[in-house]
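Below: the structure, in structure tokens.
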Amino acid sequence: MDEIGVPFVVTVDFQTIEDLTVTVRERDSMEQIRVPGDQAPQLLLELTSLTPEGLRSWESAKSEFGGALDPKT
């Protein structure tokens, strides 16, 4: 997905089954965070919104959801 310019990717994996979280990865930094699955749609909307009141930074998302994960894990 990175090659076609998708800014964020959501991954549902085995951990999702255990704790209902998903991984969100940011294209430019390749950093990942775990987010509750029910909060992922709103987060993506905020991260990709072009309106000033909806704009959210990746740094803000990392801060709220516990920092970046090691992409090798």
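Quick note on naming: the chains in the structure tokens go A, B, ... in the order shown, residues restart at 1 in each chain, and ligands are numbered from 1 in order of appearance.
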
Practice task
Report the residues of chain A whose backbone DSSP state falls under strand (DSSP E or B), written as a PyMOL selection string.
Solution key: chain A and resi 8-11+21-26+32-36+69

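Between CA of Asp38 in chain A and CA of Leu20 in chain A lies a distance of 8.2 Å.
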
Exercise for the section: Extract the full set of alpha helix (DSSP H) residues from chain A according to DSSP on the backbone, and format it as a ChimeraX atom specification. Expected result: /A:14-19,40-48,58-64

Problem - Closest of A:Val10, A:Ala61, A:Gly67, A:Gly37 to Val24 in chain A - atom-to-atom distances counting only C-alpha atoms - result: A:Val10

Exercise for the section: Would you kindly return, as a PyMOL selection string, each protein, DNA or RNA residue with an atom no farther than 9 Å from any atom of Leu55 in chain A, considering only C-alpha atoms and excluding same-chain residues fewer than 5 positions away? Expected result: chain A and resi 45-50

Problem - Selection near Glu26 in chain A, 9 Å with only C-alpha atoms, sequence-local residues under 2 positions removed, as a count of residues only - result: 12

Practice task
Grab the CA of Ile4 in chain A to CA of Phe65 in chain A distance for me, in Å with one decimal place.
Solution key: 26.6 Å

Exercise for the section: Show which residues sit within 8 Å of Val12 in chain A, as a list in words. Count only C-alpha atoms, and ignore same-chain residues fewer than 4 positions away. Expected result: Thr16, Thr21, Val22 and Thr23 of chain A

Put those residues in a file: C-alpha atoms, as a compact mmCIF listing (two decimals), in the first residue's frame.
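out.txt written:
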```
# COMPACT_ATOMS: atom_id res chain seq x y z
CA THR A 16 -7.13 -8.24 17.61
CA THR A 21 -7.19 -3.66 19.08
CA VAL A 22 -5.82 -3.03 15.59
CA THR A 23 -2.47 -1.75 14.38
```

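Rounded to one decimal, CA of Gln42 in chain A and CA of Asp19 in chain A lie 18.6 Å from each other.
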